[in-house]
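Asker: First the structure, which I've put down as structure tokens, then a few questions once you've had a look.
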Amino acid sequence: MTRILGIETSCDETSAAIVDDATGVPTLRSLVILSQDVHRVFGGVVPEIASRAHLTAIVPVVRETVAQAAATLSDLDAVAVTTEPGLVGALMVGLNYAKGLSLALDIPMIAVHHMEGHLFATSLDDATAEPPFTALLVSGGHTLLLDVPAWGSYKLLGSTRDDAAGEAFDKVAKLLGLPYPGGRHVEALARDGDPSRFRFSRPMLHRNTPSDDSSYFDVSFSGLKTAVLNAVRGSTDIERDRADIARGFQDALIETLVEKTARAAAMFHRDRVVLGGGVACNRTLIEAMRARMGVHVEVFAPTPRLATDNAAMIARAGLFRYNHGERASLDHAARATAPLPGQE
Ligand code: KG4
Ligand code: ZN
């Protein structure tokens with residue numbers, strides 16, 4: 001049996017979790033997520049404040065996680081930590097804590113790529129969410145469309161040319177006067193919206209694009225964001241139009257993501273689609289994906305607490321890397337950007 005402590009501090013969540021494989025299937029034993037509410041007043045994450053908040057939270061968060069699993073630190077076989085990509089100052093808090101724990105307990109440290117964590121998240125809810133599959137990772141910082149023939153082997157098909165999907169949601173939320181982070185507020189507002197009033201053009205979604213053109217899988221949301229801005233500015237009664245604009249924006253963004261994912265699943269003959277990242281909390285996206293894929297393709301989406309940033313997914317990806325014999329050295333550095341390990 002292997003028992004792994006995961007640590008996540010790449011952005012504004014301080015999180016720790018314990019995953020083990022005692023039953024033969026990787027199982028989540030405990031998870032603590034402390035979200036830093038302080039950034040709300042700034043309308044976005046302030047890196048220096050995030051680092052300081054991680055520093056005060058990390059010790060009690062780990063202590064609580066270990067207690068919830070009815071374990072002690074000496075029961076741990078390894079510590080897995082997010083080392084990339086993310087805010088470097090924030091990553092360094094978790095990384096240095098993991099180094100200290102690794103030294104003190106004489107256990108290995110495993111370096112985990114944050115987006116590989118998001119890829120593994122759904123498998124903690126449902127162990128059948130395993131490769132081969134098409135993956136759509138949609139978070140505040142990233143939008144990645146991948147073909148995954150096996151864990152650890154990632155073919156990058158498409159990504160965003162500008163804003164990430166979550167970032168587009170957050171910026172549109174701001175334009176509509178909604179709180180940060182705005183994704184779920186836009187989704188709630190769009191529910192009452194009339195889909196016929198604002199039909200924004202679908203970004204990078206053209207019927208005749210050849211499949212070897214990079215725009216076949218890539219997405220771009222800055223034009224859509226500008227269209228929303230113009231709609232807001234052009235509105236004579238924003239209270240009347242807000243929900244309809246939110247609806248028009250969400251419909252355009254979702255249709256684009258769903259169609260690109262459908263193209264990827266068809267090209268690689270996959271019968272599973274796995275969603276991940278904070279935007280995968282969006283029920284409208286999940287339902288649209290299921291409707292588009294039909295009965296022959298199963299769509300897996302993580303439960304909300306595993307979709308947004310959390311350490312459970314880091315412990316799970318860490319277990320995979322641990323079983324492959326990977327060990328990080330104590331001079332391992334944090335990086336702001338990095339391709340997925342095993343990405344082609
Ligand atoms: O994965 P995540 O927690 O953090 C990053 O790694 O970036 O994703 C956060 C993003 C935010 O942009 C937030 O607005 C978005 O996920 N989000 C949503 C929903 N819930 C969270 N976007 C759309 N609909 C939602 N229901
Ligand atoms: Zn994330």
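Ligands are numbered from 1 in the order shown, residues from 1 within each chain, and chains are lettered A, B, ... in the order they appear in the structure tokens.
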Would you name the residues within 6 Å of ligand 1, counting only C-alpha atoms and all ligand atoms, and put them as an MDAnalysis selection string?
Answerer: chainID A and resid 139:141 166:167 169:170 181:184 187 277:279 281:282 308:309
Asker: As a list in words, please: the residues near Lys171 (chain A) (cut-off 10 Å, only C-alpha atoms, same-chain neighbours under 5 positions excluded).
Answerer: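 Once the nearby chain positions are removed, what remains is Gly43, Gly44, Asp163, Gly166, Leu176, Gly177, Leu178, Tyr180, Pro181, Gly182, Gly183, Ser222, Lys225, Val228 and Leu229 of chain A.
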Asker: Store the residues picked out above, limited to N, CA and C atoms, as a PDB file, in the first residue's frame.
Answerer:
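Contents of the output file again27.pdb:
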```pdb
ATOM      1  N   GLY A  43     -10.522  41.887  -7.394  1.00  0.00           N
ATOM      2  CA  GLY A  43     -11.057  41.431  -8.679  1.00  0.00           C
ATOM      3  C   GLY A  43     -10.111  40.502  -9.416  1.00  0.00           C
ATOM      4  N   GLY A  44      -9.159  39.916  -8.721  1.00  0.00           N
ATOM      5  CA  GLY A  44      -8.207  38.985  -9.344  1.00  0.00           C
ATOM      6  C   GLY A  44      -7.151  38.617  -8.317  1.00  0.00           C
ATOM      7  N   ASP A 163      -7.074  34.313 -24.232  1.00  0.00           N
ATOM      8  CA  ASP A 163      -7.590  34.079 -22.886  1.00  0.00           C
ATOM      9  C   ASP A 163      -7.954  32.607 -22.678  1.00  0.00           C
ATOM     10  N   GLY A 166     -11.763  30.024 -18.470  1.00  0.00           N
ATOM     11  CA  GLY A 166     -12.163  30.572 -17.164  1.00  0.00           C
ATOM     12  C   GLY A 166     -11.903  32.070 -17.091  1.00  0.00           C
ATOM     13  N   LEU A 176     -20.213  42.465 -16.603  1.00  0.00           N
ATOM     14  CA  LEU A 176     -21.633  42.406 -16.245  1.00  0.00           C
ATOM     15  C   LEU A 176     -21.872  42.777 -14.778  1.00  0.00           C
ATOM     16  N   GLY A 177     -20.791  43.214 -14.108  1.00  0.00           N
ATOM     17  CA  GLY A 177     -20.924  43.655 -12.722  1.00  0.00           C
ATOM     18  C   GLY A 177     -21.092  42.531 -11.720  1.00  0.00           C
ATOM     19  N   LEU A 178     -20.549  41.350 -12.047  1.00  0.00           N
ATOM     20  CA  LEU A 178     -20.667  40.197 -11.152  1.00  0.00           C
ATOM     21  C   LEU A 178     -19.373  40.035 -10.342  1.00  0.00           C
ATOM     22  N   TYR A 180     -15.954  38.367  -8.434  1.00  0.00           N
ATOM     23  CA  TYR A 180     -14.852  37.509  -8.867  1.00  0.00           C
ATOM     24  C   TYR A 180     -14.703  36.338  -7.899  1.00  0.00           C
ATOM     25  N   PRO A 181     -14.357  35.115  -8.322  1.00  0.00           N
ATOM     26  CA  PRO A 181     -14.312  34.664  -9.714  1.00  0.00           C
ATOM     27  C   PRO A 181     -15.722  34.474 -10.265  1.00  0.00           C
ATOM     28  N   GLY A 182     -15.912  34.856 -11.520  1.00  0.00           N
ATOM     29  CA  GLY A 182     -17.270  35.058 -12.007  1.00  0.00           C
ATOM     30  C   GLY A 182     -17.932  33.925 -12.748  1.00  0.00           C
ATOM     31  N   GLY A 183     -17.187  32.844 -13.040  1.00  0.00           N
ATOM     32  CA  GLY A 183     -17.744  31.777 -13.868  1.00  0.00           C
ATOM     33  C   GLY A 183     -19.117  31.301 -13.442  1.00  0.00           C
ATOM     34  N   SER A 222     -10.704  36.241 -27.136  1.00  0.00           N
ATOM     35  CA  SER A 222     -10.621  37.693 -26.953  1.00  0.00           C
ATOM     36  C   SER A 222     -11.641  38.427 -27.826  1.00  0.00           C
ATOM     37  N   LYS A 225     -14.931  38.264 -26.121  1.00  0.00           N
ATOM     38  CA  LYS A 225     -14.930  39.195 -24.984  1.00  0.00           C
ATOM     39  C   LYS A 225     -15.216  40.631 -25.477  1.00  0.00           C
ATOM     40  N   VAL A 228     -18.799  41.043 -26.300  1.00  0.00           N
ATOM     41  CA  VAL A 228     -19.592  41.240 -25.083  1.00  0.00           C
ATOM     42  C   VAL A 228     -19.460  42.690 -24.601  1.00  0.00           C
ATOM     43  N   LEU A 229     -18.217  43.195 -24.635  1.00  0.00           N
ATOM     44  CA  LEU A 229     -17.970  44.579 -24.214  1.00  0.00           C
ATOM     45  C   LEU A 229     -18.821  45.549 -25.045  1.00  0.00           C
TER      46      LEU A 229
END
```
Asker: I need the residue nearest ligand 2 from this list: A:Val66, A:Ala190, A:Met115, A:Ala336. Use only C-alpha atoms and all ligand atoms for the distance.
Answerer: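 The answer is A:Met115, which sits nearest to ligand 2.
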Asker: Taking the backbone alone, and naming residues the way the document does, which bits of region 15-74 of chain A are helix (DSSP H, G or I) by DSSP, as an NGL selection string?
Answerer: :A and (37-42 or 47-68 or 73-74)
Asker: Given the choices A:Ala129, A:Ile286, A:Cys11, A:Ala188, which gets closest to ligand 2 if the distance is worked out from only C-alpha atoms and all ligand atoms?
Answerer: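 Nearest candidate to ligand 2 out of A:Ala129, A:Ile286, A:Cys11, A:Ala188: A:Cys11.
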